[in-house]
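A.B. asks: Below is the file coords33.csv, with CSV, C-alpha atoms.
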chain,number,residue,atom,x,y,z
A,1,MET,CA,19.5,-10.5,-33.6
A,2,ALA,CA,22.1,-12.5,-31.8
A,3,LEU,CA,25.6,-12.9,-33.2
A,4,ALA,CA,27.3,-16.3,-33.7
A,5,THR,CA,30.0,-17.0,-31.2
A,6,GLN,CA,32.0,-19.5,-33.2
A,7,ALA,CA,32.4,-19.9,-37.0
A,8,ARG,CA,30.4,-17.2,-38.8
A,9,VAL,CA,28.7,-17.2,-42.2
A,10,LEU,CA,30.1,-14.2,-44.1
A,11,VAL,CA,29.3,-12.4,-47.3
A,12,HIS,CA,31.3,-13.1,-50.4
A,13,LEU,CA,31.1,-11.1,-53.6
A,14,LYS,CA,31.0,-12.2,-57.2
A,15,LYS,CA,31.0,-9.7,-60.1
A,16,ASN,CA,30.6,-10.2,-63.8
A,17,ASN,CA,30.9,-14.0,-63.5
A,18,GLY,CA,34.4,-13.4,-62.0
A,19,PRO,CA,36.0,-15.1,-59.0
A,20,VAL,CA,34.3,-15.2,-55.6
A,21,ARG,CA,36.1,-13.2,-52.9
A,22,LEU,CA,35.5,-12.5,-49.2
A,23,ALA,CA,33.8,-9.1,-48.6
A,24,ALA,CA,35.9,-6.8,-46.4
A,25,PHE,CA,34.3,-5.1,-43.4
A,26,THR,CA,34.7,-1.7,-45.2
A,27,ASP,CA,33.2,-2.9,-48.5
A,28,CYS,CA,30.0,-1.3,-49.6
A,29,ILE,CA,28.2,-4.1,-51.4
A,30,LEU,CA,26.0,-1.9,-53.6
A,31,ASN,CA,28.9,0.3,-54.6
A,32,PHE,CA,30.9,-2.8,-55.4
A,33,PHE,CA,28.3,-3.6,-58.1
A,34,GLY,CA,28.2,-0.1,-59.3
A,35,TYR,CA,25.0,1.1,-57.7
A,36,GLN,CA,25.5,4.7,-56.6
A,37,THR,CA,21.9,5.5,-55.6
A,38,GLY,CA,21.8,3.3,-52.5
A,39,THR,CA,19.4,0.7,-54.2
A,40,GLY,CA,20.1,-2.1,-56.6
A,41,THR,CA,19.2,-5.7,-57.5
A,42,VAL,CA,21.4,-8.7,-56.7
A,43,TYR,CA,21.3,-12.4,-56.6
A,44,ILE,CA,22.2,-14.5,-53.5
A,45,GLN,CA,23.3,-18.1,-52.9
A,46,LEU,CA,24.3,-19.7,-49.7
A,47,HIS,CA,27.0,-22.2,-50.6
A,48,GLU,CA,29.6,-23.9,-48.3
A,49,ASN,CA,28.8,-21.5,-45.4
A,50,ARG,CA,29.3,-18.4,-47.6
A,51,LEU,CA,26.6,-16.0,-48.7
A,52,ILE,CA,27.6,-15.2,-52.2
A,53,VAL,CA,26.1,-12.0,-53.5
A,54,SER,CA,26.3,-11.6,-57.3
A,55,ASP,CA,25.2,-9.3,-60.1
A,56,THR,CA,24.4,-12.4,-62.3
A,57,ALA,CA,21.9,-15.2,-61.7
A,58,PHE,CA,23.0,-18.5,-60.3
A,59,THR,CA,20.2,-20.5,-62.0
A,60,PRO,CA,18.2,-19.8,-65.2
A,61,GLY,CA,15.1,-17.8,-64.6
A,62,GLU,CA,16.2,-16.8,-61.1
A,63,GLN,CA,14.6,-13.5,-59.9
A,64,PRO,CA,16.9,-10.8,-58.4
A,65,ALA,CA,16.4,-9.4,-55.0
A,66,LEU,CA,16.1,-5.7,-54.2
A,67,MET,CA,18.9,-4.4,-51.9
A,68,LYS,CA,19.3,-1.1,-50.2
A,69,HIS,CA,21.3,0.9,-47.7
A,70,PRO,CA,20.5,4.4,-46.4
A,71,SER,CA,22.3,7.5,-47.7
A,72,PHE,CA,23.8,8.0,-44.2
A,73,CYS,CA,25.3,4.4,-44.2
A,74,PRO,CA,28.6,4.7,-42.2
A,75,ILE,CA,30.5,2.5,-44.6
A,76,ILE,CA,30.0,4.7,-47.7
A,77,ASN,CA,30.7,7.8,-45.7
A,78,LEU,CA,33.9,6.6,-44.1
A,79,GLN,CA,37.0,8.7,-45.0
A,80,ARG,CA,40.2,6.9,-45.7
A,81,GLU,CA,41.8,7.9,-42.5
A,82,GLU,CA,38.8,6.7,-40.6
A,83,MET,CA,39.1,3.3,-42.3
A,84,GLU,CA,42.7,3.1,-41.4
A,85,SER,CA,42.0,3.9,-37.8
A,86,LEU,CA,39.5,1.1,-37.2
A,87,PRO,CA,40.7,-1.4,-34.6
A,88,GLU,CA,42.1,-4.6,-36.2
A,89,ASP,CA,39.4,-6.8,-34.5
A,90,VAL,CA,36.7,-4.7,-36.3
A,91,ALA,CA,38.4,-4.1,-39.6
A,92,SER,CA,39.0,-7.9,-40.0
A,93,ARG,CA,35.5,-9.0,-39.2
A,94,GLY,CA,34.1,-9.1,-42.7
A,95,ILE,CA,30.3,-8.7,-43.3
A,96,ASN,CA,28.1,-11.0,-41.2
A,97,VAL,CA,24.8,-12.5,-42.5
A,98,GLY,CA,21.5,-12.1,-40.7
A,99,VAL,CA,18.0,-13.4,-41.5
A,100,ALA,CA,14.7,-11.7,-40.5
A,101,PHE,CA,11.2,-12.9,-40.9
A,102,LEU,CA,8.3,-10.7,-41.8
A,103,LEU,CA,5.7,-13.1,-40.3
A,104,GLU,CA,2.3,-12.2,-41.5
A,105,SER,CA,-0.7,-13.8,-39.7
A,106,GLY,CA,-3.6,-15.2,-41.6
A,107,ASP,CA,-5.6,-12.0,-40.9
A,108,GLY,CA,-2.9,-9.7,-42.3
A,109,LYS,CA,-0.9,-8.6,-39.2
A,110,VAL,CA,2.9,-8.5,-39.0
A,111,LEU,CA,4.9,-9.5,-35.9
A,112,LEU,CA,7.5,-7.1,-34.7
A,113,THR,CA,9.7,-7.5,-31.6
A,114,LYS,CA,11.5,-5.0,-29.4
A,115,ARG,CA,15.1,-5.9,-28.9
A,116,SER,CA,16.2,-6.2,-25.3
A,117,GLN,CA,17.7,-3.1,-23.9
A,118,HIS,CA,20.7,-5.1,-22.7
A,119,LEU,CA,21.9,-6.2,-26.2
A,120,ARG,CA,25.2,-4.8,-27.5
A,121,ILE,CA,23.9,-3.7,-30.9
A,122,PHE,CA,20.6,-1.9,-31.6
A,123,PRO,CA,19.2,-2.2,-28.1
A,124,GLY,CA,15.5,-1.3,-27.6
A,125,ILE,CA,14.8,-1.1,-31.3
A,126,TRP,CA,11.7,-2.7,-33.0
A,127,VAL,CA,12.5,-5.3,-35.7
A,128,PRO,CA,11.1,-8.5,-37.1
A,129,PRO,CA,12.3,-11.7,-35.4
A,130,GLY,CA,15.6,-12.8,-36.8
A,131,GLY,CA,19.3,-13.4,-36.1
A,132,HIS,CA,22.5,-14.9,-37.4
A,133,VAL,CA,22.9,-17.9,-39.7
A,134,GLU,CA,24.8,-20.9,-38.3
A,135,CYS,CA,27.2,-23.0,-40.2
A,136,ASN,CA,25.6,-25.8,-42.3
A,137,GLU,CA,22.2,-24.1,-42.0
A,138,ASN,CA,20.1,-22.7,-44.9
A,139,LEU,CA,18.6,-19.2,-44.7
A,140,ILE,CA,15.0,-20.2,-44.1
A,141,ASP,CA,15.9,-22.7,-41.5
A,142,ALA,CA,17.9,-20.0,-39.7
A,143,GLY,CA,14.9,-17.7,-39.7
A,144,ILE,CA,12.6,-20.5,-38.4
A,145,ARG,CA,15.1,-21.3,-35.6
A,146,GLU,CA,15.5,-17.6,-34.6
A,147,LEU,CA,11.7,-17.1,-34.7
A,148,LYS,CA,11.3,-20.0,-32.3
A,149,GLU,CA,14.2,-19.0,-30.0
A,150,GLU,CA,13.1,-15.3,-29.8
A,151,THR,CA,9.3,-15.6,-29.7
A,152,GLY,CA,8.4,-19.2,-28.9
A,153,LEU,CA,6.5,-19.5,-32.2
A,154,SER,CA,7.2,-22.7,-34.2
A,155,ILE,CA,6.3,-22.5,-37.9
A,156,SER,CA,7.3,-24.3,-41.1
A,157,PRO,CA,6.7,-23.6,-44.8
A,158,THR,CA,3.6,-25.9,-44.6
A,159,ASP,CA,2.0,-23.4,-42.3
A,160,CYS,CA,2.3,-20.7,-45.1
A,161,VAL,CA,0.2,-19.9,-48.1
A,162,ASN,CA,1.3,-22.2,-51.0
A,163,ASP,CA,3.7,-23.8,-48.5
A,164,GLN,CA,6.3,-21.1,-49.3
A,165,ILE,CA,8.4,-18.6,-47.4
A,166,LYS,CA,9.6,-16.0,-50.0
A,167,LEU,CA,12.6,-13.8,-50.2
A,168,LEU,CA,11.5,-10.2,-49.8
A,169,ALA,CA,14.6,-7.9,-49.9
A,170,LEU,CA,18.1,-7.3,-48.5
A,171,TRP,CA,19.4,-4.5,-46.3
A,172,GLU,CA,23.0,-3.5,-45.7
A,173,SER,CA,23.1,-2.8,-42.0
A,174,VAL,CA,25.8,-1.1,-40.0
A,175,TYR,CA,26.0,-0.4,-36.2
A,176,PRO,CA,26.1,2.4,-35.1
A,177,ALA,CA,23.8,3.5,-37.8
A,178,LYS,CA,25.4,6.9,-38.3
A,179,LEU,CA,29.0,8.1,-38.0
A,180,SER,CA,27.9,10.8,-35.7
A,181,ALA,CA,27.3,8.0,-33.1
A,182,GLY,CA,30.8,6.6,-33.5
A,183,PRO,CA,32.9,4.5,-35.9
A,184,PRO,CA,31.2,1.3,-37.3
A,185,LYS,CA,31.5,-1.8,-35.1
A,186,ARG,CA,29.3,-4.3,-37.0
A,187,HIS,CA,28.4,-4.7,-40.6
A,188,HIS,CA,25.6,-7.1,-41.7
A,189,THR,CA,23.7,-8.1,-44.8
A,190,VAL,CA,20.2,-8.8,-43.5
A,191,VAL,CA,18.1,-11.1,-45.7
A,192,TYR,CA,14.4,-10.4,-45.2
A,193,PHE,CA,11.8,-13.2,-45.9
A,194,HIS,CA,8.0,-12.9,-46.0
A,195,ALA,CA,6.1,-15.8,-44.4
A,196,LYS,CA,2.3,-15.4,-45.1
A,197,LEU,CA,0.5,-17.8,-42.8
A,198,LYS,CA,-2.6,-19.6,-43.7
A,199,GLU,CA,-6.0,-18.2,-42.8
A,200,ASN,CA,-6.6,-20.2,-39.6
A,201,LEU,CA,-3.3,-18.9,-38.1
A,202,THR,CA,-4.5,-15.5,-37.0
A,203,ALA,CA,-2.7,-13.1,-34.7
A,204,GLU,CA,-5.2,-13.9,-31.9
A,205,SER,CA,-4.7,-17.6,-32.2
A,206,LEU,CA,-0.9,-17.2,-32.2
A,207,GLU,CA,-0.7,-14.7,-29.4
A,208,SER,CA,-1.2,-17.4,-26.7
A,209,GLN,CA,1.9,-19.2,-28.1
A,210,LEU,CA,4.2,-16.2,-27.7
A,211,ASN,CA,6.8,-16.9,-25.1
A,212,PHE,CA,9.7,-14.6,-25.9
A,213,ASP,CA,13.3,-14.8,-24.6
A,214,PRO,CA,13.8,-11.9,-22.2
A,215,GLY,CA,17.5,-12.0,-23.0
A,216,GLU,CA,16.8,-10.9,-26.6
A,217,VAL,CA,13.3,-9.6,-26.7
A,218,GLY,CA,11.5,-7.0,-24.5
A,219,ALA,CA,8.1,-6.9,-26.2
A,220,CYS,CA,6.1,-8.4,-29.1
A,221,ALA,CA,3.3,-6.9,-31.1
A,222,TRP,CA,1.1,-7.7,-34.1
A,223,MET,CA,0.9,-4.7,-36.3
A,224,ASP,CA,-2.1,-4.2,-38.6
A,225,ARG,CA,-1.8,-2.5,-42.0
A,226,GLU,CA,-2.8,1.0,-40.7
A,227,LEU,CA,0.1,1.0,-38.2
A,228,ILE,CA,2.5,-0.4,-40.8
A,229,VAL,CA,1.7,2.5,-43.2
A,230,LYS,CA,2.4,5.0,-40.4
A,231,ILE,CA,5.7,3.3,-39.6
A,232,VAL,CA,6.8,3.3,-43.2
A,233,GLU,CA,5.9,7.0,-43.6
A,234,ALA,CA,8.3,7.9,-40.8
A,235,CYS,CA,11.3,7.2,-43.0
A,236,GLU,CA,14.7,8.9,-42.5
A,237,GLU,CA,15.2,9.2,-46.2
A,238,THR,CA,11.8,10.7,-47.2
A,239,SER,CA,10.3,12.4,-44.1
A,240,PRO,CA,11.5,15.9,-43.3
A,241,LYS,CA,10.8,15.4,-39.6
A,242,GLU,CA,9.5,12.9,-37.2
A,243,LEU,CA,5.8,12.2,-37.5
A,244,SER,CA,3.4,12.4,-34.6
A,245,SER,CA,0.5,10.0,-33.9
A,246,ASP,CA,-2.1,9.5,-31.3
A,247,LEU,CA,-2.6,5.9,-32.3
A,248,THR,CA,-1.9,3.0,-29.9
A,249,PHE,CA,-1.2,-0.7,-30.3
A,250,SER,CA,-1.5,-3.8,-28.2
A,251,ALA,CA,1.7,-5.5,-27.2
A,252,LEU,CA,3.0,-8.2,-24.9
A,253,VAL,CA,5.7,-6.6,-22.7
A,254,LEU,CA,7.9,-7.8,-19.8
A,255,ASN,CA,7.0,-6.4,-16.4
A,256,ASP,CA,9.5,-5.9,-13.5
A,257,LYS,CA,9.1,-9.6,-12.7
A,258,GLN,CA,10.0,-10.6,-16.3
A,259,GLU,CA,6.4,-11.7,-16.9
A,260,GLN,CA,4.6,-11.2,-20.2
A,261,CYS,CA,1.7,-8.7,-19.8
A,262,LYS,CA,-0.6,-7.4,-22.4
A,263,THR,CA,-0.3,-3.6,-22.6
A,264,GLU,CA,-1.5,-0.7,-24.8
A,265,LEU,CA,1.5,1.3,-26.0
A,266,PRO,CA,1.7,4.6,-27.9
A,267,LEU,CA,2.8,4.4,-31.5
A,268,ALA,CA,4.6,7.8,-31.5
A,269,PRO,CA,7.9,6.5,-30.1
A,270,LEU,CA,8.1,3.9,-32.9
A,271,LEU,CA,8.0,6.8,-35.4
A,272,LYS,CA,11.2,8.4,-34.2
A,273,THR,CA,13.8,8.9,-36.9
A,274,LEU,CA,17.6,9.2,-36.9
A,275,PRO,CA,19.3,11.2,-35.5
A,276,THR,CA,17.6,11.1,-32.1
A,277,ASP,CA,18.8,11.7,-28.6
A,278,ASN,CA,17.1,8.5,-27.4
A,279,ASN,CA,17.7,5.8,-30.0
A,280,MET,CA,15.4,3.3,-28.2
A,281,ASP,CA,11.8,2.4,-29.1
A,282,ARG,CA,12.0,3.5,-32.7
A,283,VAL,CA,11.6,1.0,-35.6
A,284,SER,CA,14.9,0.3,-37.4
A,285,THR,CA,15.5,1.9,-40.7
A,286,GLY,CA,16.0,-1.5,-42.3
A,287,THR,CA,12.7,-2.7,-40.9
A,288,LYS,CA,10.9,0.3,-42.4
A,289,PHE,CA,12.4,-0.6,-45.8
A,290,ALA,CA,11.3,-4.2,-45.4
A,291,LEU,CA,7.8,-3.2,-44.4
A,292,GLU,CA,7.6,-0.8,-47.4
A,293,GLN,CA,8.3,-3.8,-49.6
A,294,PHE,CA,5.7,-5.8,-47.8
A,295,LEU,CA,3.1,-3.1,-48.5
A,296,LYS,CA,3.8,-3.4,-52.2
A,297,LEU,CA,3.0,-7.1,-52.3
Would it be possible to restate this file's structure as structure tokens?

C.D. replies:
Amino acid sequence: MALATQARVLVHLKKNNGPVRLAAFTDCILNFFGYQTGTGTVYIQLHENRLIVSDTAFTPGEQPALMKHPSFCPIINLQREEMESLPEDVASRGINVGVAFLLESGDGKVLLTKRSQHLRIFPGIWVPPGGHVECNENLIDAGIRELKEETGLSISPTDCVNDQIKLLALWESVYPAKLSAGPPKRHHTVVYFHAKLKENLTAESLESQLNFDPGEVGACAWMDRELIVKIVEACEETSPKELSSDLTFSALVLNDKQEQCKTELPLAPLLKTLPTDNNMDRVSTGTKFALEQFLKL
């Protein structure tokens, strides 16, 4: 999930039909709206390069989106002295906006990518394709662009069932993911979309089109429902310990020559949960949440 290098689209907050204000880096969005359990429903609107998050609908009949953060979210666990000691360039950042696509093939498989080990945030973690939102770009166009840049796949709403790409859920993401790994450096709201492709666009037919950017992606894999269920079960919030598995999955990975090679990989490393000595190879907590919502569709 690459970060914008120039002007950024930032989260703004609107409560009880009051004024819109810029969200601070140390704001917990869910707590701002009075949700103390880590889960709540909100409405979003991208307007004038601001993602406005509100507790009231922007249009009649609008459906709210489910939003969540983990109980160990660094922002809600920051003590006042820790907030005051954050570097100015971090404390003044605001909350960035990211978009991620749960791309479901016509035969029911979901595309996950492994972030490059050289990235500054969440290196080596498995996530859906996605990234930042550029100025004057809508959320779906941002997801389509990031999907193309990261994986080489070019899709449009007309490739999807009912010609629609649907809002799935929102996740409040902080890096590092726990205070035990250090003070927060990045704070994002990730908007997850579900793009269900038409029947003819199967995982097998799309695999030949995968041409991922080695600067951002180290591997790509189409996950079937059995694997997704296993990944969702390995949740930091509900599992008392990491789950083991002898299952494998097929992935395209980069070899030493930076060439894409089809390889069989063990599923077990993807089931690692926080905290872990080696943070790489696991599926991100936010991705598990999004996949859980996908399974409920």

A.B. asks: At a cut-off of 12 Å around the point (28.1, -19.6, -63.6) (file coordinates), what residues fall inside when counting all atoms listed in the file? I'd like the answer as number ranges by chain.

C.D. replies: A: 14-20, 45, 54-60

A.B. asks: Leaving out Leu201 in chain A and any residue of its chain fewer than 5 positions from it, which residues lie within 7 Å of it when counting all atoms listed in the file, given as a list in words?

C.D. replies: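 Listed by chain and then number, they are Ser105, Gly106 and Leu206 of chain A.
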
A.B. asks: Select all residues near (13.0, 3.5, -43.5) (cut-off 9 Å, inclusive, file coordinates), counting only C-alpha atoms, and output them as a list in words.

C.D. replies: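 Residues with an atom close enough to that point: Pro70, Ile231, Val232, Glu233, Ala234, Cys235, Glu236, Glu237, Thr238, Thr273, Val283, Ser284, Thr285, Gly286, Thr287, Lys288, Phe289, Ala290, Leu291 and Glu292 of chain A.
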
A.B. asks: So that I can check the surroundings of range 168-180 of chain A, please list as a list in words every protein, DNA and RNA residue that reaches within 6 Å of it, counting all atoms listed in the file and ignoring chain neighbours fewer than 6 positions away.

C.D. replies: Ala65, Leu66, Met67, Lys68, His69, Pro74, Arg186, His187, His188, Thr189, Val190, Val191, Tyr192, Phe193 and His194 of chain A

A.B. asks: Selection from above, C-alpha atoms, as a compact mmCIF listing (two decimals), in the coordinates of the input, can you write it?

C.D. replies:
# COMPACT_ATOMS: atom_id res chain seq x y z
CA ALA A 65 16.40 -9.40 -55.00
CA LEU A 66 16.10 -5.70 -54.20
CA MET A 67 18.90 -4.40 -51.90
CA LYS A 68 19.30 -1.10 -50.20
CA HIS A 69 21.30 0.90 -47.70
CA PRO A 74 28.60 4.70 -42.20
CA ARG A 186 29.30 -4.30 -37.00
CA HIS A 187 28.40 -4.70 -40.60
CA HIS A 188 25.60 -7.10 -41.70
CA THR A 189 23.70 -8.10 -44.80
CA VAL A 190 20.20 -8.80 -43.50
CA VAL A 191 18.10 -11.10 -45.70
CA TYR A 192 14.40 -10.40 -45.20
CA PHE A 193 11.80 -13.20 -45.90
CA HIS A 194 8.00 -12.90 -46.00

A.B. asks: Just to confirm, what's the straight-line distance from CA of Gly94 in chain A to CA of Pro123 in chain A in Å (one decimal)?

C.D. replies: 22.0 Å

A.B. asks: Of the residues A:Trp126, A:Phe33, A:Phe212, A:Phe294, which is the one nearest to Leu267 in chain A, using all atoms listed in the file?

C.D. replies: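 For Leu267 in chain A, the nearest of the given residues is A:Trp126.
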
A.B. asks: I'd like the interatomic distance between CA of Ile121 in chain A and CA of His47 in chain A, to a tenth of an Å.

C.D. replies: 27.2 Å

A.B. asks: Nearest to Asn136 in chain A among A:Ser245, A:Asn31, A:Thr41, A:Asn49, with distances taken over all atoms listed in the file: which residue is it?

C.D. replies: A:Asn49
